[in-house]
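First the structure, in the form of structure tokens, and then the observations on it.
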Amino acid sequence: MSASALSLTTSLGQSVEMPAFSATEVKNEFGRVLETAFTKGAVAITRHDAPKAVLLSLDAWRALTGAQAAPADPLAALGAEFDALLAGMQTPAGRSAGEALFDASPDELGAAAVMAAATAGR
């Protein structure tokens with residue numbers, strides 16, 4: 001079986017052509033589908049002729065997310081992340097948040113923790 005072509009529209013209204021495989025083809029011929037994703041960057045997976053998922057190559061995913069390979073020096077990367085967080089805390093908004101945190105009552109802290117846990121569970 002050969003892949004059919006499918007045109008998907010991005011959230012910016014751009015049309016992107018890519019090979020498409022049915023879910024059954026993916027199940028039965030995953031190696032070929034994966035190789036196509038490697039060479040073309042992405043493949044669409046359809047069910048009942050409707051696109052349901054996209055399989056991306058690692059390079060395409062990195063380009064899409066702006067992800068980079070692991071840094072040569074993980075400690076330096078961690079230090080840079082810490083410095084960025086610290087700089088954010090030095091802003092007026094960061095200082096206000098810190099002061100509010102230390103001025104909060106136990107009940108206010110508990111309510112904030114419950115709200116944060118509920119938000120994280122979404």
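By order in the structure tokens, chains are A, B, ...; within a chain, residues start at 1; ligands start at 1, following the order shown.
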
Return as a list in words the full set of residues in range 40-95 of chain A whose backbone-based DSSP assignment is alpha helix (DSSP H).
-> Lys40, Leu58, Asp59, Ala60, Trp61, Arg62, Ala63, Leu64, Thr65, Pro74, Leu75, Ala76, Ala77, Leu78, Gly79, Ala80, Glu81, Phe82, Asp83, Ala84, Leu85, Leu86, Ala87, Gly88, Met89, Pro92, Ala93, Gly94 and Arg95 of chain A

Output for the residues just chosen: C-alpha atoms as a CSV table (one decimal), in the first residue's frame:
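Okay, this is what ended up in again.csv:
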chain,number,residue,atom,x,y,z
A,40,LYS,CA,9.2,13.6,5.0
A,58,LEU,CA,12.4,14.1,16.0
A,59,ASP,CA,13.9,16.9,13.8
A,60,ALA,CA,10.4,18.1,12.9
A,61,TRP,CA,9.3,18.1,16.6
A,62,ARG,CA,12.4,20.0,17.7
A,63,ALA,CA,11.8,22.6,15.0
A,64,LEU,CA,8.2,22.9,16.0
A,65,THR,CA,8.8,23.2,19.7
A,74,PRO,CA,23.9,20.3,32.0
A,75,LEU,CA,25.1,22.2,35.1
A,76,ALA,CA,25.6,25.4,33.1
A,77,ALA,CA,22.1,25.0,31.7
A,78,LEU,CA,20.7,24.5,35.2
A,79,GLY,CA,22.6,27.6,36.3
A,80,ALA,CA,21.1,29.6,33.5
A,81,GLU,CA,17.6,28.5,34.3
A,82,PHE,CA,18.2,29.4,38.0
A,83,ASP,CA,19.5,32.9,37.0
A,84,ALA,CA,16.4,33.5,34.8
A,85,LEU,CA,14.1,32.5,37.7
A,86,LEU,CA,16.0,34.7,40.1
A,87,ALA,CA,15.9,37.6,37.6
A,88,GLY,CA,12.1,37.1,37.4
A,89,MET,CA,11.8,37.3,41.2
A,92,PRO,CA,8.4,44.6,41.1
A,93,ALA,CA,5.8,41.9,40.4
A,94,GLY,CA,8.1,39.2,41.8
A,95,ARG,CA,8.8,41.2,44.9

Could you name the residues that touch Lys52 in chain A at 12 Å or less, counting only C-alpha atoms, but leaving out those on the same chain fewer than 4 positions away, as number ranges by chain?
-> A: 6, 8, 20-23, 43-48

Surrounding residues of Arg32 in chain A excluding itself and chain neighbours under 5 positions, 10 Å, only C-alpha atoms, as a ChimeraX atom specification = /A:2-3,25-26,37-38

Residue subset to file, keeping N, CA and C atoms, as a short mmCIF file (atom, residue, chain, number, x, y, z; two decimals), in the first residue's frame:
data_model
loop_
_atom_site.label_atom_id
_atom_site.label_comp_id
_atom_site.auth_asym_id
_atom_site.auth_seq_id
_atom_site.Cartn_x
_atom_site.Cartn_y
_atom_site.Cartn_z
N SER A 2 0.44 2.26 -0.70
CA SER A 2 1.19 3.50 -0.70
C SER A 2 0.40 4.55 0.06
N ALA A 3 1.15 5.49 0.62
CA ALA A 3 0.52 6.54 1.40
C ALA A 3 -0.21 7.50 0.47
N GLU A 25 -3.13 0.77 8.50
CA GLU A 25 -1.81 0.71 7.87
C GLU A 25 -0.71 0.95 8.90
N VAL A 26 -0.93 1.89 9.80
CA VAL A 26 0.07 2.17 10.83
C VAL A 26 0.26 0.94 11.71
N ALA A 37 7.94 9.10 8.00
CA ALA A 37 8.01 10.26 8.90
C ALA A 37 9.44 10.77 8.98
N PHE A 38 10.43 9.86 9.01
CA PHE A 38 11.83 10.27 9.04
C PHE A 38 12.18 11.08 7.79
#

Can you list, as a list of chain:residue names, all residues belonging to chain A that DSSP tags as strand (DSSP E or B)?
-> A:Ser4, A:Ala5, A:Leu6, A:Ser7, A:Leu8, A:Thr9, A:Ser15, A:Val16, A:Glu17, A:Met18, A:Pro19, A:Ala20, A:Phe21, A:Ser22, A:Ala42, A:Val43, A:Ala44, A:Ile45, A:Thr46, A:Arg47, A:Ala50, A:Pro51, A:Lys52, A:Ala53, A:Val54, A:Leu55, A:Leu56

Hey, can you check how far CA of Pro19 in chain A sits from CA of Ala42 in chain A?
-> 7.5 Å

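Distance-wise, CA of Gly66 in chain A and CA of Pro51 in chain A end up 24.6 Å apart.
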
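Coordinates place CA of Ala50 in chain A at a distance of 22.0 Å from CA of Glu35 in chain A.
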